There are 4 protein chains.
Amino acid sequence: MGEQKLDFSCDYLKGAHPAILQRMAETNMMKTTGYGLDEISNAARDKIRKACGCPDAAVEFLIGGTQANAVVIDAFLRSYQGVIAAQTGHISVHEAGAIEAGGHKVLTLPYHQGKLSAEDVRQYMEDFYHDDSYEHMVMPGMVYISQPTEQGTLYSRQEIADLRAVCDAYRMALYADGARLAYALACPENDVTLPDLAALCDAFYIGGTKCGALFGEAVVIPDPGRIPAFFTIIKQHGALLAKGRMLGLQFDTLFTDGLYEKIGIPAIRSAARIRKALIEKGYQLCFGSPTNQIFCVMENSRLEKLGEKAEYCFWAKYDDTHTVIRFATDWGTTGEETDALIGIM
Amino acid sequence: MGEQKLDFSCDYLKGAHPAILQRMAETNMMKTTGYGLDEISNAARDKIRKACGCPDAAVEFLIGGTQANAVVIDAFLRSYQGVIAAQTGHISVHEAGAIEAGGHKVLTLPYHQGKLSAEDVRQYMEDFYHDDSYEHMVMPGMVYISQPTEQGTLYSRQEIADLRAVCDAYRMALYADGARLAYALACPENDVTLPDLAALCDAFYIGGTKCGALFGEAVVIPDPGRIPAFFTIIKQHGALLAKGRMLGLQFDTLFTDGLYEKIGIPAIRSAARIRKALIEKGYQLCFGSPTNQIFCVMENSRLEKLGEKAEYCFWAKYDDTHTVIRFATDWGTTGEETDALIGIM
Amino acid sequence: MGEQKLDFSCDYLKGAHPAILQRMAETNMMKTTGYGLDEISNAARDKIRKACGCPDAAVEFLIGGTQANAVVIDAFLRSYQGVIAAQTGHISVHEAGAIEAGGHKVLTLPYHQGKLSAEDVRQYMEDFYHDDSYEHMVMPGMVYISQPTEQGTLYSRQEIADLRAVCDAYRMALYADGARLAYALACPENDVTLPDLAALCDAFYIGGTKCGALFGEAVVIPDPGRIPAFFTIIKQHGALLAKGRMLGLQFDTLFTDGLYEKIGIPAIRSAARIRKALIEKGYQLCFGSPTNQIFCVMENSRLEKLGEKAEYCFWAKYDDTHTVIRFATDWGTTGEETDALIGIM
Amino acid sequence: MGEQKLDFSCDYLKGAHPAILQRMAETNMMKTTGYGLDEISNAARDKIRKACGCPDAAVEFLIGGTQANAVVIDAFLRSYQGVIAAQTGHISVHEAGAIEAGGHKVLTLPYHQGKLSAEDVRQYMEDFYHDDSYEHMVMPGMVYISQPTEQGTLYSRQEIADLRAVCDAYRMALYADGARLAYALACPENDVTLPDLAALCDAFYIGGTKCGALFGEAVVIPDPGRIPAFFTIIKQHGALLAKGRMLGLQFDTLFTDGLYEKIGIPAIRSAARIRKALIEKGYQLCFGSPTNQIFCVMENSRLEKLGEKAEYCFWAKYDDTHTVIRFATDWGTTGEETDALIGIM
């Protein structure tokens, strides 16, 4: 394939952690029952329950993030309910209307460093129920957050606990999208553990696709009594993998010897070095992300030169002569790649 | 893992053809763009277009059969249209209402050896438009068939051409579910080639999951102008794989050196041997399947003993003392396994 | 307008019972709050609760039958559930896929004189939960019946009680479509009262459109705790009438002085006379309907002549030379009209 | 009923224009075919086509505004498309998610006096198609406006023509919600005629419910070839009135002798007097509405006293001591009522 151009455009460019491929090869000709009812998947479920400190949780493996969001939101909401999300939320913008296709409105609130504030949600709910015509409006039934957010920022444990309190007050479910959860867990600034998520959320998913797997997201529902026919809901969404052990196998590997909690470390280290270099070179960082996504402002003239040597992600127009761009590191980012990127910035 | 019990319960028990795993390992650390826009996926598309003799076709890779059916049916139908299928059709029975979840009624007709007859469809459409209140009913917009069918039988080229003619007469799309298509293509009784399907259908999918892949189905739309926003429809269904090259890679392998047309041969050979043995032992075969699914009637007392030594699939109650069971062979079934099963029948 | 041709083609050809029009004129310039929250609607609710013997019931007024069915079924079912109906059920055939548009499959069972049998439903449920792959199928969450049925027949109290028992055993809701309920209540053969329906069903609707109103169906949910946000569900379906008192007013009139229970009597009397005359003239009656719909077989040659003098409803082809037709009487059918029809049969 | 309290809380408090009730009484016992296929409905269609200057238009009568919006939007959009509306649009806020229940996202843009600006829509579309990931987003397929808007303001002919140009550039449909259209047509500031709407929009509806009818909205689709199965779509939405002539009759009356264009005049005159009085009394008007809705700021202390004597509509909190309220006049508002309201303001 020759030498590849530097590529920091996103965090799902490579295949899987080598341990996953090895396990796949070892078990390839085994015959197991389908649909995730096999022993490998069950072992993975147990490891995840243990890591999350919730021995009774339902754990189901889905294939991708949009699918997981659509399935979980549909499972929790009644037909007349909607889901509150930040304007920047993945479900608000980048899922092609998957939530609405299921009949549910995404109710957007402003974001603060990519995050919903409990205060905003509380105010929204107060206003909602004070409105004479609230019965003519979409009843919020769930709050959707991402950890880390689309802007790479982190909710603190307290911030999630505050959202939980609002959800309790208004009988809403709290759901965390963990597409990049490994990069939160590996981040020194993070104080939210897997058991914290299990204690505070009605559902969350542990991202595999961007965190070392070929594909796959593990949905955790701490109180499975909430969603009695989850298997059928998954099937109805076309989200049930026939050879389900391919998902179980990946998560079993990621949750063996604490791999998932460690797998993001190289990404975080690389991102920290890139941020330090950007600052030293006088670039303005954006959004305050401490995780594997680095956002900065660059002059358009400079970007052109950069683009010849490295792939990055266009994020937003800043002004007529500047652009916000994103670099993303991942579990496999090497020191050499990082050096090379820093060298050409 | 120790020695495994004989297992003929279905055709998705193993992993993938070894060539796929090898290719996965070789390319694992490559970085490619996501969502199936990579070069490997494009190469696979070209190979499939060539094999189907339709150089302009849209080819998109989805993950599983229910998903493919839901996406394609939703893409072709208008909101007020339904899809005609056999009462035994997979979409009619075993997809947990995925088609209805998309808002479309499945209109069922009787089956003949698992197949829809063009005559039945024509009669249904005639009656439909002769009914004074047809505008109060669901307008059929598509005919759904499976090749092979749920009962392992095959449509002849003429039978599909006849359905095509009815579809043309009533402006309906014709769609073929090819979950087990490799087993049709490898079957001596089959006279429907990939180019035939491309010439006669508005859409069909080439099954990977049951035919040598870890997962994946290749949807072919010979005239891509029919479905202008297919990528967005896929995303909306949560069916877009981030690391899309994992799908492309599998189909690129399956369509290299004609592997897909050959991969079903061991399954067909094994199935023929099993059928011969069943007849010799006095069992009654059912449905007339010539492909990799073998259906027969067994006494319940005999089934118990068989079940101790081999997994099979319960299909239906025959009478109070007999049961219809199914054996399924696959691309990896060996002569030794076949011998062993025959030995204990 | 000249003299009108005899018309027995259906039971919604005229306007409303004169008492309704009068009440409408009397209250026309009153200003009342919208959406059925007015005093007239509340009075109607109270009268209906009293007539049904269920003082706590939710009573909401919808506009038409398909709408009522779509709203109620959507309110009771979870997203992954379907509704069991007879193959001849209105929701199965003549609602243009309204139930599927809400995401729910209609699961059809054979009919016996237009009716579902409790035994068939019980067998279906037993088979369903005995099927290994029932989690891949649509879970039945409701049984839908019509009283009278599409074929004019009546469930007995015992038959509904038997269905109730099956529903209890399998945790399904029981829902009765009463589009023509007044004609059941006025029928000597009927032994199912409004309090019976309230005691046995989770929901039913009292038909207005075909029973003396301009339009409107009163949905009764004996235990309103079952459906907490019913108002919002109605609004979401576009089924909330701004000037809701127009519905309340009609039902208040129909439930004043027991009008609703009596309003069908002229229809039943006329139908009985028509049946008697048909038999005397040697025609074969169909389906055994004792209510306001009369089905019989006629020679096609005879039909032509009949059609010159009276409108009837084509029902089904009987054989190459005969047709099943339907006459429908209504609350306003006169003895003169009946005489005239009998005279030309 | 005794003397009623002054009520300016909205414009659907009364029944219908007396001419409608009279016509209803006159035709009550006529028998006509159902579902709007009768001669009265056809006469109404012809009168509307003539008034709109579009002799080939499809004209269908629906029952209410939310229903009309859901049906029309569903008819025009493909499953993956959304509809652009102002943040204040009725479909955005007050339809309980009816549009999302049909699977379509409402894409909101800022409002300017309640109106969408063509420039905002054009910018949104430019940004949309310039976004690398636009195929992951909801494709806008329609622009929804209201004439008059929720804030009582009016689009000029030029403003609608500008929106039309953007819609043409991006292949979107343009749809106007005319729930209060009679009050636009009766307003001296208005320069948009019915033929203008027919020339510029792909669909619009002529509001009956708030404009003199008991209920009903007339949907006009100037080029009916756009929506081939509109009748079935209506039925699927539960929006088909069995005794459809009740709708036709109302619109036939409203479009006889130009009644619809004149019916709003009393409302506009009354509103103008109320506005003048409010200004004279020192209140601040809001939004610049010239139609039958009057918005002003009042001290909360004053509101309490006002509320004892007249019903008004709470609109929004202005600050801690003030509130924005709305008065609505209608086709039947008298000079005496207007005097009385002015007297107590």
# chains A, B, ... in the order shown; residues from 1 in each chain; ligands from 1
>>> closest_atom_pairs(of="chain B", to="chain A", cutoff="6 Å", atoms="only C-alpha atoms", output="JSON lines")
{"residue": "B:Leu13", "atom": "CA", "partner": "A:Lys31", "partner_atom": "CA", "distance": 4.5}
{"residue": "B:Lys14", "atom": "CA", "partner": "A:Lys31", "partner_atom": "CA", "distance": 4.7}
{"residue": "B:Gly15", "atom": "CA", "partner": "A:Asn28", "partner_atom": "CA", "distance": 4.5}
{"residue": "B:Asn28", "atom": "CA", "partner": "A:Gly15", "partner_atom": "CA", "distance": 4.5}
{"residue": "B:Met29", "atom": "CA", "partner": "A:Lys14", "partner_atom": "CA", "distance": 5.2}
{"residue": "B:Met30", "atom": "CA", "partner": "A:Lys14", "partner_atom": "CA", "distance": 5.5}
{"residue": "B:Lys31", "atom": "CA", "partner": "A:Leu13", "partner_atom": "CA", "distance": 4.5}
{"residue": "B:Thr32", "atom": "CA", "partner": "A:Leu13", "partner_atom": "CA", "distance": 5.1}
{"residue": "B:Thr66", "atom": "CA", "partner": "A:Gly238", "partner_atom": "CA", "distance": 5.1}
{"residue": "B:Gln67", "atom": "CA", "partner": "A:Gly238", "partner_atom": "CA", "distance": 4.1}
{"residue": "B:Ala96", "atom": "CA", "partner": "A:Gln236", "partner_atom": "CA", "distance": 4.8}
{"residue": "B:Gly97", "atom": "CA", "partner": "A:Gln236", "partner_atom": "CA", "distance": 5.7}
{"residue": "B:Ala98", "atom": "CA", "partner": "A:Gln236", "partner_atom": "CA", "distance": 4.4}
{"residue": "B:Gln236", "atom": "CA", "partner": "A:Ala98", "partner_atom": "CA", "distance": 4.4}
{"residue": "B:Gly238", "atom": "CA", "partner": "A:Gln67", "partner_atom": "CA", "distance": 4.1}
>>> write_last_selection(atoms="N, CA and C atoms", output="short mmCIF file (atom, residue, chain, number, x, y, z; two decimals), in the first residue's frame")
data_model
loop_
_atom_site.label_atom_id
_atom_site.label_comp_id
_atom_site.auth_asym_id
_atom_site.auth_seq_id
_atom_site.Cartn_x
_atom_site.Cartn_y
_atom_site.Cartn_z
N LEU B 13 -23.29 -20.32 11.80
CA LEU B 13 -22.72 -20.71 13.09
C LEU B 13 -21.23 -20.40 13.20
N LYS B 14 -20.54 -20.42 12.06
CA LYS B 14 -19.09 -20.21 12.06
C LYS B 14 -18.76 -18.75 11.80
N GLY B 15 -17.46 -18.48 11.77
CA GLY B 15 -16.99 -17.16 11.37
C GLY B 15 -17.00 -17.03 9.86
N ASN B 28 -5.34 -4.37 8.54
CA ASN B 28 -5.91 -3.87 9.80
C ASN B 28 -5.44 -2.46 10.16
N MET B 29 -4.16 -2.18 10.00
CA MET B 29 -3.69 -0.88 10.47
C MET B 29 -3.71 0.20 9.39
N MET B 30 -4.21 -0.13 8.21
CA MET B 30 -4.41 0.90 7.19
C MET B 30 -5.41 1.93 7.70
N LYS B 31 -5.20 3.17 7.27
CA LYS B 31 -6.21 4.17 7.56
C LYS B 31 -6.97 4.48 6.27
N THR B 32 -8.25 4.31 6.33
CA THR B 32 -9.06 4.66 5.16
C THR B 32 -10.24 5.50 5.60
N THR B 66 -32.40 -8.43 7.73
CA THR B 66 -33.57 -7.65 8.11
C THR B 66 -33.32 -6.18 7.83
N GLN B 67 -32.11 -5.74 8.15
CA GLN B 67 -31.75 -4.35 7.88
C GLN B 67 -31.83 -4.04 6.39
N ALA B 96 -39.76 -9.19 13.14
CA ALA B 96 -40.24 -8.43 14.30
C ALA B 96 -40.97 -7.15 13.92
N GLY B 97 -41.57 -7.16 12.72
CA GLY B 97 -42.32 -5.97 12.33
C GLY B 97 -41.45 -4.84 11.83
N ALA B 98 -40.24 -5.15 11.34
CA ALA B 98 -39.34 -4.08 10.88
C ALA B 98 -39.93 -3.31 9.72
N GLN B 236 -30.12 7.00 7.93
CA GLN B 236 -31.34 7.21 8.71
C GLN B 236 -31.79 5.91 9.40
N GLY B 238 -29.85 3.79 10.64
CA GLY B 238 -28.80 3.31 11.54
C GLY B 238 -28.01 2.17 10.93
#
>>> select_by_dssp(residues="stretch 103-299 of chain C", states="strand (DSSP E or B)", output="MDAnalysis selection string")
chainID C and resid 106:109 112 115 139:146 173:178 203:207 217:221 284:285 293:299
>>> residues_around(residues="stretch 163-169 of chain C", least_positions_apart="4", cutoff="8 Å", atoms="only C-alpha atoms", output="number ranges by chain")
C: 117-118, 121-122, 142-143, 159, 173-174, 200-201
>>> write_last_selection(atoms="N, CA, C and O atoms", output="PDB file, in the first residue's frame")
ATOM      1  N   SER C 117     -62.495 -16.040  17.142  1.00  0.00           N
ATOM      2  CA  SER C 117     -62.863 -16.939  18.231  1.00  0.00           C
ATOM      3  C   SER C 117     -61.760 -16.910  19.285  1.00  0.00           C
ATOM      4  O   SER C 117     -60.567 -16.827  18.968  1.00  0.00           O
ATOM      5  N   ALA C 118     -62.189 -16.959  20.532  1.00  0.00           N
ATOM      6  CA  ALA C 118     -61.229 -16.956  21.633  1.00  0.00           C
ATOM      7  C   ALA C 118     -60.277 -18.139  21.503  1.00  0.00           C
ATOM      8  O   ALA C 118     -59.086 -18.034  21.809  1.00  0.00           O
ATOM      9  N   VAL C 121     -57.534 -17.370  19.075  1.00  0.00           N
ATOM     10  CA  VAL C 121     -56.562 -16.426  19.655  1.00  0.00           C
ATOM     11  C   VAL C 121     -55.679 -17.154  20.663  1.00  0.00           C
ATOM     12  O   VAL C 121     -54.445 -17.000  20.667  1.00  0.00           O
ATOM     13  N   ARG C 122     -56.293 -17.989  21.487  1.00  0.00           N
ATOM     14  CA  ARG C 122     -55.514 -18.723  22.486  1.00  0.00           C
ATOM     15  C   ARG C 122     -54.481 -19.628  21.791  1.00  0.00           C
ATOM     16  O   ARG C 122     -53.303 -19.660  22.183  1.00  0.00           O
ATOM     17  N   MET C 142     -52.624  -6.589  21.664  1.00  0.00           N
ATOM     18  CA  MET C 142     -54.035  -6.188  21.712  1.00  0.00           C
ATOM     19  C   MET C 142     -54.842  -7.109  20.810  1.00  0.00           C
ATOM     20  O   MET C 142     -54.346  -7.613  19.811  1.00  0.00           O
ATOM     21  N   VAL C 143     -56.104  -7.306  21.195  1.00  0.00           N
ATOM     22  CA  VAL C 143     -57.059  -7.974  20.320  1.00  0.00           C
ATOM     23  C   VAL C 143     -58.121  -6.952  19.933  1.00  0.00           C
ATOM     24  O   VAL C 143     -58.674  -6.266  20.796  1.00  0.00           O
ATOM     25  N   GLU C 159     -68.869 -14.717  24.386  1.00  0.00           N
ATOM     26  CA  GLU C 159     -67.744 -14.710  23.443  1.00  0.00           C
ATOM     27  C   GLU C 159     -66.741 -13.614  23.775  1.00  0.00           C
ATOM     28  O   GLU C 159     -65.525 -13.812  23.682  1.00  0.00           O
ATOM     29  N   ALA C 173     -54.436  -6.166  25.616  1.00  0.00           N
ATOM     30  CA  ALA C 173     -55.613  -5.315  25.759  1.00  0.00           C
ATOM     31  C   ALA C 173     -56.703  -5.821  24.829  1.00  0.00           C
ATOM     32  O   ALA C 173     -56.413  -6.413  23.785  1.00  0.00           O
ATOM     33  N   LEU C 174     -57.940  -5.589  25.198  1.00  0.00           N
ATOM     34  CA  LEU C 174     -59.072  -5.929  24.344  1.00  0.00           C
ATOM     35  C   LEU C 174     -59.781  -4.636  23.957  1.00  0.00           C
ATOM     36  O   LEU C 174     -60.119  -3.820  24.814  1.00  0.00           O
ATOM     37  N   LEU C 200     -65.650  -5.490  30.144  1.00  0.00           N
ATOM     38  CA  LEU C 200     -64.843  -6.524  29.485  1.00  0.00           C
ATOM     39  C   LEU C 200     -63.705  -5.969  28.634  1.00  0.00           C
ATOM     40  O   LEU C 200     -62.743  -6.680  28.355  1.00  0.00           O
ATOM     41  N   CYS C 201     -63.816  -4.739  28.194  1.00  0.00           N
ATOM     42  CA  CYS C 201     -62.815  -4.188  27.266  1.00  0.00           C
ATOM     43  C   CYS C 201     -61.907  -3.183  27.962  1.00  0.00           C
ATOM     44  O   CYS C 201     -62.310  -2.502  28.894  1.00  0.00           O
TER      45      CYS C 201
END
>>> select_by_dssp(residues="stretch 121-176 of chain D", states="alpha helix (DSSP H)", output="VMD selection string")
chain D and resid 121 to 130 157 to 169
>>> write_last_selection(atoms="N, CA and C atoms", output="short mmCIF file (atom, residue, chain, number, x, y, z; two decimals), in the first residue's frame")
data_model
loop_
_atom_site.label_atom_id
_atom_site.label_comp_id
_atom_site.auth_asym_id
_atom_site.auth_seq_id
_atom_site.Cartn_x
_atom_site.Cartn_y
_atom_site.Cartn_z
N VAL D 121 -33.19 31.03 4.48
CA VAL D 121 -33.37 29.70 3.90
C VAL D 121 -32.27 29.43 2.89
N ARG D 122 -31.96 30.43 2.06
CA ARG D 122 -30.93 30.23 1.05
C ARG D 122 -29.58 29.93 1.72
N GLN D 123 -29.28 30.70 2.79
CA GLN D 123 -28.01 30.48 3.49
C GLN D 123 -27.97 29.07 4.10
N TYR D 124 -29.09 28.67 4.68
CA TYR D 124 -29.16 27.34 5.29
C TYR D 124 -28.87 26.26 4.24
N MET D 125 -29.49 26.42 3.08
CA MET D 125 -29.31 25.41 2.03
C MET D 125 -27.89 25.43 1.49
N GLU D 126 -27.34 26.62 1.35
CA GLU D 126 -25.94 26.70 0.89
C GLU D 126 -25.02 25.98 1.87
N ASP D 127 -25.20 26.32 3.14
CA ASP D 127 -24.37 25.67 4.17
C ASP D 127 -24.58 24.16 4.17
N PHE D 128 -25.82 23.78 4.01
CA PHE D 128 -26.14 22.36 4.04
C PHE D 128 -25.36 21.62 2.96
N TYR D 129 -25.44 22.08 1.73
CA TYR D 129 -24.79 21.33 0.65
C TYR D 129 -23.28 21.56 0.62
N HIS D 130 -22.80 22.56 1.35
CA HIS D 130 -21.34 22.72 1.47
C HIS D 130 -20.76 21.86 2.58
N ARG D 157 -46.27 39.60 -1.15
CA ARG D 157 -46.16 38.80 -2.36
C ARG D 157 -44.69 38.60 -2.73
N GLN D 158 -43.90 39.68 -2.60
CA GLN D 158 -42.49 39.57 -2.94
C GLN D 158 -41.76 38.59 -2.03
N GLU D 159 -42.08 38.62 -0.75
CA GLU D 159 -41.41 37.70 0.18
C GLU D 159 -41.71 36.23 -0.16
N ILE D 160 -42.93 35.98 -0.53
CA ILE D 160 -43.27 34.59 -0.91
C ILE D 160 -42.59 34.23 -2.23
N ALA D 161 -42.56 35.19 -3.15
CA ALA D 161 -41.88 34.93 -4.43
C ALA D 161 -40.39 34.66 -4.20
N ASP D 162 -39.80 35.35 -3.24
CA ASP D 162 -38.38 35.10 -2.94
C ASP D 162 -38.19 33.70 -2.36
N LEU D 163 -39.09 33.29 -1.49
CA LEU D 163 -39.02 31.92 -0.96
C LEU D 163 -39.19 30.90 -2.08
N ARG D 164 -40.12 31.19 -2.97
CA ARG D 164 -40.34 30.31 -4.13
C ARG D 164 -39.04 30.12 -4.93
N ALA D 165 -38.32 31.22 -5.11
CA ALA D 165 -37.08 31.14 -5.88
C ALA D 165 -36.06 30.24 -5.18
N VAL D 166 -35.97 30.36 -3.86
CA VAL D 166 -35.04 29.48 -3.12
C VAL D 166 -35.50 28.02 -3.24
N CYS D 167 -36.79 27.82 -3.11
CA CYS D 167 -37.32 26.46 -3.22
C CYS D 167 -37.00 25.88 -4.60
N ASP D 168 -37.16 26.69 -5.63
CA ASP D 168 -36.84 26.22 -6.98
C ASP D 168 -35.36 25.87 -7.09
N ALA D 169 -34.53 26.73 -6.52
CA ALA D 169 -33.09 26.51 -6.64
C ALA D 169 -32.68 25.20 -5.97
#
>>> atom_distance(atom1="atom CA of B:Asn42", atom2="atom CA of A:His90")
27.3 Å
>>> closest_residue(among="A:Ala271, A:Arg302, A:Ala316, A:Asp177", to="A:Ile342", atoms="only C-alpha atoms")
A:Ala271
>>> residues_around(residues="D:Ala267", least_positions_apart="4", cutoff="8 Å", atoms="only C-alpha atoms", output="MDAnalysis selection string")
chainID D and resid 183 271 292 329:333
>>> write_last_selection(atoms="C-alpha atoms", output="tab-separated table (two decimals), in the first residue's frame")
chain	number	residue	atom	x	y	z
D	183	TYR	CA	-57.98	37.46	8.08
D	271	ALA	CA	-58.69	44.54	15.78
D	292	ASN	CA	-57.03	39.61	13.79
D	329	THR	CA	-61.12	38.85	17.09
D	330	ASP	CA	-63.08	36.77	14.63
D	331	TRP	CA	-65.61	36.90	11.78
D	332	GLY	CA	-68.43	37.31	14.28
D	333	THR	CA	-66.94	39.90	16.60
>>> residues_around(residues="C:Pro224", least_positions_apart="5", cutoff="8 Å", atoms="only C-alpha atoms", output="VMD selection string")
chain C and resid 56 to 58
>>> residues_around(residues="B:Gln147", least_positions_apart="6", cutoff="9 Å", atoms="only C-alpha atoms", output="list in words")
Thr153, Leu154, Tyr155, Ala176, Asp177, Gly178, Ala179, Arg180, Leu181 and Ala184 of chain B
>>> atom_distance(atom1="atom CA of C:Glu304", atom2="atom CA of C:Pro266")
27.8 Å
>>> residues_around(residues="B:Thr149", least_positions_apart="5", cutoff="8 Å", atoms="only C-alpha atoms", output="PyMOL selection string")
chain B and resi 89+114-115+154
>>> closest_residue(among="A:Ser133, A:Gln151, A:Thr334, A:Asn300", to="A:Asp319", atoms="only C-alpha atoms")
A:Asn300
>>> atom_distance(atom1="atom CA of D:Arg326", atom2="atom CA of D:Phe255")
29.2 Å
>>> closest_residue(among="D:Trp315, D:Tyr170, D:Phe61, D:Phe76", to="D:Pro228", atoms="only C-alpha atoms")
D:Phe76
